[in-house]
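J.: Sharing a structure, written as structure tokens. Questions coming.
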Amino acid sequence: MPSPEPCAVAERQRLLVCDAKAAARGLRAGMPVTAALALAPGLRLRERDAAAETEALLGIAAWAMQCTPSVALDFPDLVLLEVSGSLKLFGGSGEIEARLRQGLAAMGYSERLAAAPTARAASWFARAGKHCLIDDAALLEGELCALPLSVLQCGEEEALSSIGAGSIGDLLALPRDGLARRFGQGLLDALDQALGRLPDPRGFCVLPEKFCAAIELPAEATQAEALLFAAKRLLAQLEGFLAARAAGTRHLRLSLSHRAAPATQIELGLVAACREATHFALLLRERLQQTALPEPVRSIALEVRAIEPLEHSNQSLFSDELREEGNWPRLIERLRSRLGAAAVHGIGLCADHRPERASAQAEPGARQLALDFNLRPFWLLERPQALEENGSIPWHHGPLKLLAGPERIESGWWDGADMARDYFIARAADEALLWVYRERSPVGAWYLHGIFS
Amino acid sequence: MPSLAAELDQHPGIWRGGELARTACPGIATGFAALDAELPGGGWPCAALTEILPQHEGIGELRILGPALAQLAAQGKFIAWIAPPYLPYAPALAAAGIDLERVVIVKTARDGDSLWAAEQALRSAACGGVLAWPRDIRFAQLRRLQLAAEDGRCLAVLFRHTQAAREPSPAVLRIALATSAGGLALSILKRRGAPLSRPILLPALSAPLAAAGSSPPLRFDAHVVDSTTSAAAAAGSISARLALA
């Protein structure tokens, strides 16, 4: 993640990697930490965190499963994808490469990609930082010969260079029996696997059941845009995970952790399952802008527990058809993400004669009962409004003329909210048509309950 | 060969001062023939903003929209009610023929939120109709909603106070509602076409009730009584069927 100061990661008091800003000040990998700090006093130094690296590698593996179901890990830094079965679907290795690069950049990782007919050769090319996409086995040996010995990572590089071998090509030129006697069968096997002469079985990753990923911010953040920037990386990872499972989700939980205060939880509910990171980001932006943070945020975690299968949408023959329809669930989600879930609802009928209970909130678009009622007003007052009474005539900006009624509603003794009322349709002096009732009690007070409109 | 005048008459960009404007998309029938005849497109304009300015609440401002809303809902289109002043009451909506599955209500705490929600609903093209009750709205905001309505191609209706009639508005149709002796008077303040000087009269909301006899009041034959003490009153009622929109 970019930060204003130069940044580096150290292991055992030596620099392991440094960013471009640090490199500009003369810092190099392998430099002692003390020397690095002398060159760049403002250096942000982080100790290497092996657990976090493994976590990141697993996350990338889960994300990469959208391209192929066969993903293997080669610790500490390699993800191997068996893509020969996916070439046709994605339109060639170049397309897959572009997709991987774009996705990794969206997640905030830098990458070295290489493709080769064998897994070991591909991993060697990637380690050597050599960008090549070899799909012809005949070309493989020539390309392999040029690789330096450091790609072997077998701990024998110094001994090998002392016998005059500087590259893989030099090793292949040496007599095999002598090489095996001196450095063990393992080295020979590795070379054979790289050339495809020996099988190289790998254990493929299994996708986790739920998605869980976290990201630590380089500096504490309070602004919604800064948080969204970091969250987008998690959302990109989520999109890959969901694509790998051909699924979508309708419930996301974002947890923002602070220094001392308990983590702020943001729950994102969707009307319809979805996997697009851009849509999640849109909803999250509205929510983040509304959320009051007790303290600056140090890290963000994203969790998705329930996923559900998501069908691929068929592409329309005539593209403007989609435009005409509009996306109804998306609209509801957008409105809810800003106004709150309770503020956006549908309505339905309930089988209850009490006017307050005959209409209830419902999920928009859900099926509703069909019931018959007497004449009812379009508008119902949230709570009945008491009316004055002048000479036994109810009064609302003038005397009310009762046009129809009474309709007696006396119901609800079983749940404690019983009522006994006589409803009338009344015309006010200003011609408005009102729904009023009189309590069936000794007092007999009048109330306004609805407006015909 | 057709004459030049006939040729020009066919041209969508040419409008004669005396007639109603031609519209690209036909309007949504209002359900009232007298009103349809005076509206360009033969109904509520779609893909444009309409303003309804009732003199006060309860004179029939929703009733005149009822048939159009029922028609939209029957076509499977959603109708968004944004910041309504009271609870829209499901039994009445159902009785007006509006499919309740297609109704969505948006409650907002601030005026800014209502306008935002209205714009989102209009722009999304997911709604067949958007009804909004803004408390206070400026010209620039109206213009924004008008553009959003054109974008989303849906029926957009704003309910505003009569005083707003004096302010300019980019809405293509503005109708003031008032009660008159004979019923409900609709004055078209603005439409695409020649101005209309006389108001359109629709029967009053209370007409069927008033006609049935004013004193004593009309009685209902359906009561809900679940205790024996008041069953007598229910039994004594006369039968009267009422039909109100």
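Every chain in the structure tokens has a letter given in the order shown (A, B, ...), and although residue numbers restart at 1 in each chain, ligands are simply numbered from 1 in the order shown.
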At a cut-off of 8 Å, list the chain A residues touching chain B, using only C-alpha atoms, as number ranges by chain.

T.: A: 323-328, 331, 335, 339, 343-349, 353, 358-360, 364-368, 370-382, 402-411, 427, 430-434, 451-453

J.: Extract, using only C-alpha atoms, all DNA, RNA and protein residues at most 12 Å from Asp200 in chain A, discarding same-chain residues fewer than 3 positions from it, and format them as a list in words.

T.: Ala72, Pro117, Thr118, Ala119, Arg120, Ala121, Asp189, Ala190, Leu191, Asp192, Gln193, Ala194, Leu195, Gly196, Arg197 and Gly203 of chain A

J.: From the DSSP assignment of the backbone, select every residue of range 67-288 of chain A that is strand (DSSP E or B), and format the answer as JSON, numbers by chain.

T.: {"A": [71, 72, 73, 74, 78, 79, 80, 81, 115, 133, 148, 167, 204, 211, 212, 213, 214, 215, 216, 217, 218, 219, 220, 221, 247, 248, 249, 250, 251, 252, 253, 254, 255, 256, 257, 258, 264, 265, 266, 267, 268, 269, 270, 271, 272, 273, 274]}

J.: Within 10 Å of Leu155 in chain B, counting only C-alpha atoms, which residues show up once you throw out same-chain ones fewer than 2 positions away? Write them as a list in words, please.

T.: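 The neighbour list is Gly27, Ile28, Trp44, Pro45, Cys46, Ala47, Ala48, Leu49, Thr50, Ala68, Leu69, Leu72, Ile79, Leu122, Cys127, Gly128, Gly129, Val130, Leu131, Ala149, Glu150, Gly152, Arg153 and Val157 of chain B.
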
J.: Next, dump the selected residues to file, keeping only N, CA and C atoms, as a compact mmCIF listing (two decimals), in the first residue's frame.

T.:
```txt
# COMPACT_ATOMS: atom_id res chain seq x y z
N GLY B 27 -48.72 8.92 -23.65
CA GLY B 27 -48.91 9.07 -22.22
C GLY B 27 -49.58 7.85 -21.62
N ILE B 28 -49.63 7.84 -20.28
CA ILE B 28 -50.30 6.74 -19.58
C ILE B 28 -51.72 7.21 -19.30
N TRP B 44 -51.04 10.83 -18.72
CA TRP B 44 -49.92 11.36 -17.94
C TRP B 44 -48.64 11.23 -18.76
N PRO B 45 -47.82 12.26 -18.81
CA PRO B 45 -46.62 12.19 -19.63
C PRO B 45 -45.62 11.20 -19.03
N CYS B 46 -45.04 10.35 -19.86
CA CYS B 46 -43.98 9.50 -19.35
C CYS B 46 -42.65 10.12 -19.75
N ALA B 47 -41.62 9.83 -18.99
CA ALA B 47 -40.30 10.41 -19.19
C ALA B 47 -40.34 11.93 -19.04
N ALA B 48 -41.16 12.40 -18.10
CA ALA B 48 -41.19 13.83 -17.83
C ALA B 48 -41.78 14.06 -16.45
N LEU B 49 -41.54 15.23 -15.93
CA LEU B 49 -41.99 15.56 -14.59
C LEU B 49 -43.40 16.15 -14.63
N THR B 50 -44.25 15.69 -13.72
CA THR B 50 -45.60 16.23 -13.59
C THR B 50 -45.72 16.79 -12.17
N ALA B 68 -53.97 5.11 -13.38
CA ALA B 68 -52.67 5.04 -14.06
C ALA B 68 -51.72 4.13 -13.26
N LEU B 69 -51.75 4.29 -11.93
CA LEU B 69 -50.87 3.48 -11.09
C LEU B 69 -51.26 2.00 -11.18
N LEU B 72 -49.88 0.65 -14.38
CA LEU B 72 -48.43 0.43 -14.34
C LEU B 72 -48.10 -0.82 -13.54
N ILE B 79 -43.74 0.96 -8.37
CA ILE B 79 -44.13 2.34 -8.10
C ILE B 79 -43.51 2.75 -6.77
N LEU B 122 -35.74 7.58 -10.20
CA LEU B 122 -36.04 7.99 -11.57
C LEU B 122 -34.96 7.52 -12.52
N CYS B 127 -38.28 1.78 -12.13
CA CYS B 127 -39.63 2.09 -11.66
C CYS B 127 -40.51 2.49 -12.84
N GLY B 128 -41.79 2.15 -12.75
CA GLY B 128 -42.74 2.64 -13.73
C GLY B 128 -43.26 4.00 -13.33
N GLY B 129 -43.34 4.22 -12.02
CA GLY B 129 -43.83 5.49 -11.53
C GLY B 129 -43.11 5.89 -10.25
N VAL B 130 -42.86 7.16 -10.11
CA VAL B 130 -42.24 7.67 -8.88
C VAL B 130 -43.12 8.82 -8.39
N LEU B 131 -43.64 8.68 -7.19
CA LEU B 131 -44.43 9.75 -6.58
C LEU B 131 -43.61 10.32 -5.44
N ALA B 149 -35.97 12.10 -14.84
CA ALA B 149 -37.19 11.46 -15.34
C ALA B 149 -37.04 11.15 -16.83
N GLU B 150 -36.41 12.07 -17.56
CA GLU B 150 -36.19 11.82 -18.99
C GLU B 150 -35.27 10.62 -19.16
N GLY B 152 -34.79 8.04 -17.01
CA GLY B 152 -35.37 6.76 -16.59
C GLY B 152 -36.66 6.41 -17.31
N ARG B 153 -37.22 7.35 -18.09
CA ARG B 153 -38.43 7.12 -18.86
C ARG B 153 -39.56 6.56 -18.00
N VAL B 157 -44.21 12.06 -10.58
CA VAL B 157 -45.22 13.01 -10.10
C VAL B 157 -44.73 13.62 -8.79
```

J.: One decimal, in Å: what's the spacing between CA of Ile137 in chain B and CA of Thr30 in chain B?

T.: 25.9 Å

J.: Run DSSP on the backbone and grab whatever in range 61-203 of chain B lands in helix (DSSP H, G or I); send it over as an mmCIF file with N, CA and C atoms, in the first residue's frame.

T.:
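Output contents, as saved in out-v4.cif:
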```cif
data_model
loop_
_atom_site.group_PDB
_atom_site.id
_atom_site.type_symbol
_atom_site.label_atom_id
_atom_site.label_comp_id
_atom_site.auth_asym_id
_atom_site.auth_seq_id
_atom_site.Cartn_x
_atom_site.Cartn_y
_atom_site.Cartn_z
ATOM 1 N N GLY B 66 -54.940 7.061 -9.459
ATOM 2 C CA GLY B 66 -55.224 5.654 -9.192
ATOM 3 C C GLY B 66 -55.223 4.752 -10.419
ATOM 4 N N PRO B 67 -56.048 5.070 -11.448
ATOM 5 C CA PRO B 67 -56.097 4.168 -12.612
ATOM 6 C C PRO B 67 -54.742 4.011 -13.306
ATOM 7 N N ALA B 68 -53.974 5.110 -13.384
ATOM 8 C CA ALA B 68 -52.668 5.037 -14.056
ATOM 9 C C ALA B 68 -51.725 4.135 -13.260
ATOM 10 N N LEU B 69 -51.747 4.290 -11.925
ATOM 11 C CA LEU B 69 -50.870 3.479 -11.087
ATOM 12 C C LEU B 69 -51.256 2.004 -11.183
ATOM 13 N N ALA B 70 -52.573 1.740 -11.197
ATOM 14 C CA ALA B 70 -53.032 0.351 -11.297
ATOM 15 C C ALA B 70 -52.560 -0.261 -12.610
ATOM 16 N N GLN B 71 -52.590 0.554 -13.665
ATOM 17 C CA GLN B 71 -52.175 0.074 -14.978
ATOM 18 C C GLN B 71 -50.676 -0.235 -14.995
ATOM 19 N N LEU B 72 -49.881 0.655 -14.380
ATOM 20 C CA LEU B 72 -48.432 0.434 -14.339
ATOM 21 C C LEU B 72 -48.098 -0.816 -13.540
ATOM 22 N N ALA B 73 -48.757 -0.952 -12.380
ATOM 23 C CA ALA B 73 -48.480 -2.100 -11.522
ATOM 24 C C ALA B 73 -48.880 -3.393 -12.221
ATOM 25 N N ALA B 74 -49.978 -3.328 -12.992
ATOM 26 C CA ALA B 74 -50.426 -4.523 -13.701
ATOM 27 C C ALA B 74 -49.414 -4.932 -14.766
ATOM 28 N N ALA B 90 -52.764 0.073 2.694
ATOM 29 C CA ALA B 90 -52.804 -1.060 1.766
ATOM 30 C C ALA B 90 -54.223 -1.440 1.304
ATOM 31 N N PRO B 91 -55.219 -1.506 2.209
ATOM 32 C CA PRO B 91 -56.558 -1.904 1.724
ATOM 33 C C PRO B 91 -57.095 -0.977 0.644
ATOM 34 N N ALA B 92 -56.817 0.338 0.774
ATOM 35 C CA ALA B 92 -57.324 1.272 -0.223
ATOM 36 C C ALA B 92 -56.580 1.115 -1.536
ATOM 37 N N LEU B 93 -55.253 0.891 -1.460
ATOM 38 C CA LEU B 93 -54.474 0.716 -2.686
ATOM 39 C C LEU B 93 -54.954 -0.534 -3.417
ATOM 40 N N ALA B 94 -55.172 -1.605 -2.638
ATOM 41 C CA ALA B 94 -55.628 -2.854 -3.242
ATOM 42 C C ALA B 94 -56.996 -2.645 -3.882
ATOM 43 N N ALA B 95 -57.864 -1.869 -3.200
ATOM 44 C CA ALA B 95 -59.207 -1.639 -3.729
ATOM 45 C C ALA B 95 -59.145 -0.815 -5.015
ATOM 46 N N LEU B 100 -50.157 -4.683 -4.813
ATOM 47 C CA LEU B 100 -49.325 -4.261 -3.681
ATOM 48 C C LEU B 100 -47.888 -4.748 -3.801
ATOM 49 N N GLU B 101 -47.684 -5.842 -4.532
ATOM 50 C CA GLU B 101 -46.314 -6.341 -4.698
ATOM 51 C C GLU B 101 -45.427 -5.310 -5.376
ATOM 52 N N ARG B 102 -46.043 -4.433 -6.124
ATOM 53 C CA ARG B 102 -45.270 -3.489 -6.934
ATOM 54 C C ARG B 102 -45.121 -2.133 -6.259
ATOM 55 N N ASP B 111 -35.114 16.456 3.765
ATOM 56 C CA ASP B 111 -35.536 16.779 2.413
ATOM 57 C C ASP B 111 -34.492 16.371 1.392
ATOM 58 N N GLY B 112 -33.223 16.557 1.771
ATOM 59 C CA GLY B 112 -32.135 16.188 0.861
ATOM 60 C C GLY B 112 -32.196 14.722 0.497
ATOM 61 N N ASP B 113 -32.521 13.883 1.496
ATOM 62 C CA ASP B 113 -32.607 12.445 1.257
ATOM 63 C C ASP B 113 -33.764 12.119 0.315
ATOM 64 N N SER B 114 -34.888 12.851 0.466
ATOM 65 C CA SER B 114 -36.040 12.565 -0.403
ATOM 66 C C SER B 114 -35.682 12.859 -1.854
ATOM 67 N N LEU B 115 -35.011 13.989 -2.062
ATOM 68 C CA LEU B 115 -34.664 14.349 -3.436
ATOM 69 C C LEU B 115 -33.662 13.354 -4.000
ATOM 70 N N TRP B 116 -32.719 12.946 -3.153
ATOM 71 C CA TRP B 116 -31.722 11.959 -3.600
ATOM 72 C C TRP B 116 -32.422 10.660 -3.977
ATOM 73 N N ALA B 117 -33.328 10.217 -3.101
ATOM 74 C CA ALA B 117 -34.030 8.954 -3.360
ATOM 75 C C ALA B 117 -34.866 9.067 -4.631
ATOM 76 N N ALA B 118 -35.516 10.230 -4.806
ATOM 77 C CA ALA B 118 -36.341 10.415 -6.008
ATOM 78 C C ALA B 118 -35.466 10.354 -7.255
ATOM 79 N N GLU B 119 -34.319 10.993 -7.188
ATOM 80 C CA GLU B 119 -33.447 10.994 -8.358
ATOM 81 C C GLU B 119 -32.945 9.588 -8.659
ATOM 82 N N GLN B 120 -32.564 8.859 -7.601
ATOM 83 C CA GLN B 120 -32.089 7.487 -7.808
ATOM 84 C C GLN B 120 -33.179 6.634 -8.447
ATOM 85 N N ALA B 121 -34.400 6.769 -7.916
ATOM 86 C CA ALA B 121 -35.506 5.947 -8.411
ATOM 87 C C ALA B 121 -35.805 6.289 -9.868
ATOM 88 N N LEU B 122 -35.745 7.584 -10.200
ATOM 89 C CA LEU B 122 -36.043 7.993 -11.571
ATOM 90 C C LEU B 122 -34.955 7.519 -12.523
ATOM 91 N N ARG B 123 -33.716 7.721 -12.121
ATOM 92 C CA ARG B 123 -32.597 7.414 -13.003
ATOM 93 C C ARG B 123 -32.417 5.919 -13.233
ATOM 94 N N PHE B 139 -35.644 25.498 -7.955
ATOM 95 C CA PHE B 139 -35.754 25.298 -9.398
ATOM 96 C C PHE B 139 -34.675 24.341 -9.904
ATOM 97 N N ALA B 140 -33.443 24.543 -9.410
ATOM 98 C CA ALA B 140 -32.340 23.703 -9.901
ATOM 99 C C ALA B 140 -32.595 22.234 -9.583
ATOM 100 N N GLN B 141 -33.189 21.987 -8.413
ATOM 101 C CA GLN B 141 -33.470 20.604 -8.023
ATOM 102 C C GLN B 141 -34.586 20.013 -8.883
ATOM 103 N N LEU B 142 -35.572 20.860 -9.201
ATOM 104 C CA LEU B 142 -36.652 20.402 -10.087
ATOM 105 C C LEU B 142 -36.089 20.028 -11.448
ATOM 106 N N ARG B 143 -35.187 20.855 -11.912
ATOM 107 C CA ARG B 143 -34.578 20.637 -13.221
ATOM 108 C C ARG B 143 -33.838 19.287 -13.207
ATOM 109 N N ARG B 144 -33.160 19.035 -12.110
ATOM 110 C CA ARG B 144 -32.407 17.791 -11.967
ATOM 111 C C ARG B 144 -33.347 16.583 -12.019
ATOM 112 N N LEU B 145 -34.470 16.713 -11.333
ATOM 113 C CA LEU B 145 -35.439 15.617 -11.343
ATOM 114 C C LEU B 145 -36.040 15.444 -12.736
ATOM 115 N N GLN B 146 -36.271 16.571 -13.415
ATOM 116 C CA GLN B 146 -36.823 16.493 -14.769
ATOM 117 C C GLN B 146 -35.865 15.724 -15.681
ATOM 118 N N LEU B 147 -34.563 16.026 -15.553
ATOM 119 C CA LEU B 147 -33.571 15.324 -16.380
ATOM 120 C C LEU B 147 -33.526 13.839 -16.009
ATOM 121 N N ALA B 148 -33.626 13.569 -14.708
ATOM 122 C CA ALA B 148 -33.598 12.170 -14.257
ATOM 123 C C ALA B 148 -34.811 11.421 -14.800
ATOM 124 N N ALA B 149 -35.966 12.101 -14.839
ATOM 125 C CA ALA B 149 -37.185 11.460 -15.340
ATOM 126 C C ALA B 149 -37.045 11.150 -16.826
ATOM 127 N N GLU B 150 -36.405 12.073 -17.563
ATOM 128 C CA GLU B 150 -36.188 11.820 -18.990
ATOM 129 C C GLU B 150 -35.274 10.618 -19.162
ATOM 130 N N ASP B 151 -34.301 10.518 -18.274
ATOM 131 C CA ASP B 151 -33.320 9.437 -18.323
ATOM 132 C C ASP B 151 -33.973 8.086 -18.065
ATOM 133 N N GLY B 152 -34.794 8.041 -17.009
ATOM 134 C CA GLY B 152 -35.366 6.761 -16.589
ATOM 135 C C GLY B 152 -36.663 6.413 -17.309
ATOM 136 N N THR B 162 -50.082 24.518 -3.306
ATOM 137 C CA THR B 162 -50.623 25.424 -4.340
ATOM 138 C C THR B 162 -49.774 26.674 -4.507
ATOM 139 N N GLN B 163 -49.143 27.116 -3.413
ATOM 140 C CA GLN B 163 -48.349 28.344 -3.512
ATOM 141 C C GLN B 163 -47.223 28.209 -4.529
ATOM 142 N N ALA B 164 -46.797 26.955 -4.773
ATOM 143 C CA ALA B 164 -45.713 26.728 -5.722
ATOM 144 C C ALA B 164 -46.133 27.098 -7.139
ATOM 145 N N ALA B 165 -47.439 27.264 -7.373
ATOM 146 C CA ALA B 165 -47.923 27.593 -8.718
ATOM 147 C C ALA B 165 -47.337 28.909 -9.205
ATOM 148 N N ARG B 166 -46.995 29.774 -8.275
ATOM 149 C CA ARG B 166 -46.468 31.079 -8.675
ATOM 150 C C ARG B 166 -45.001 30.997 -9.089
#
```

J.: Of the candidates A:Ala362, A:Ala261, A:Ile60, A:Ala24, which shows the shortest atom-to-atom distance to Ala106 in chain A, using only C-alpha atoms?

T.: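 Of all the options, A:Ile60 lies closest to Ala106 in chain A.
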
J.: Find the residues around Ser257 in chain A up to 9 Å (only C-alpha atoms counted), leave out those fewer than 6 positions away in its own chain, and share them as a PyMOL selection string.

T.: chain A and resi 263-265+295-301

J.: Could you save the residues just selected, with C-alpha atoms, as a PDB file, in the first residue's frame?

T.:
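Saved result, again_15.pdb, follows:
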```
ATOM      1  CA  ALA A 263     -14.298  -2.747  16.317  1.00  0.00           C
ATOM      2  CA  THR A 264     -16.941  -0.949  14.255  1.00  0.00           C
ATOM      3  CA  GLN A 265     -19.101  -3.472  12.438  1.00  0.00           C
ATOM      4  CA  GLU A 295     -11.379   6.259  16.634  1.00  0.00           C
ATOM      5  CA  PRO A 296      -9.156   6.107  13.553  1.00  0.00           C
ATOM      6  CA  VAL A 297      -9.162   2.731  11.821  1.00  0.00           C
ATOM      7  CA  ARG A 298      -6.081   0.517  11.891  1.00  0.00           C
ATOM      8  CA  SER A 299      -7.209  -2.493   9.939  1.00  0.00           C
ATOM      9  CA  ILE A 300     -10.180  -3.721   7.945  1.00  0.00           C
ATOM     10  CA  ALA A 301     -11.535  -7.254   7.833  1.00  0.00           C
TER      11      ALA A 301
END
```

J.: Which is closer to Leu37 in chain A than all the others in A:Pro394, A:Pro6, A:Pro309, A:Pro294, using only C-alpha atoms?

T.: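 Of A:Pro394, A:Pro6, A:Pro309, A:Pro294, the one nearest Leu37 in chain A is A:Pro6, counting only C-alpha atoms.
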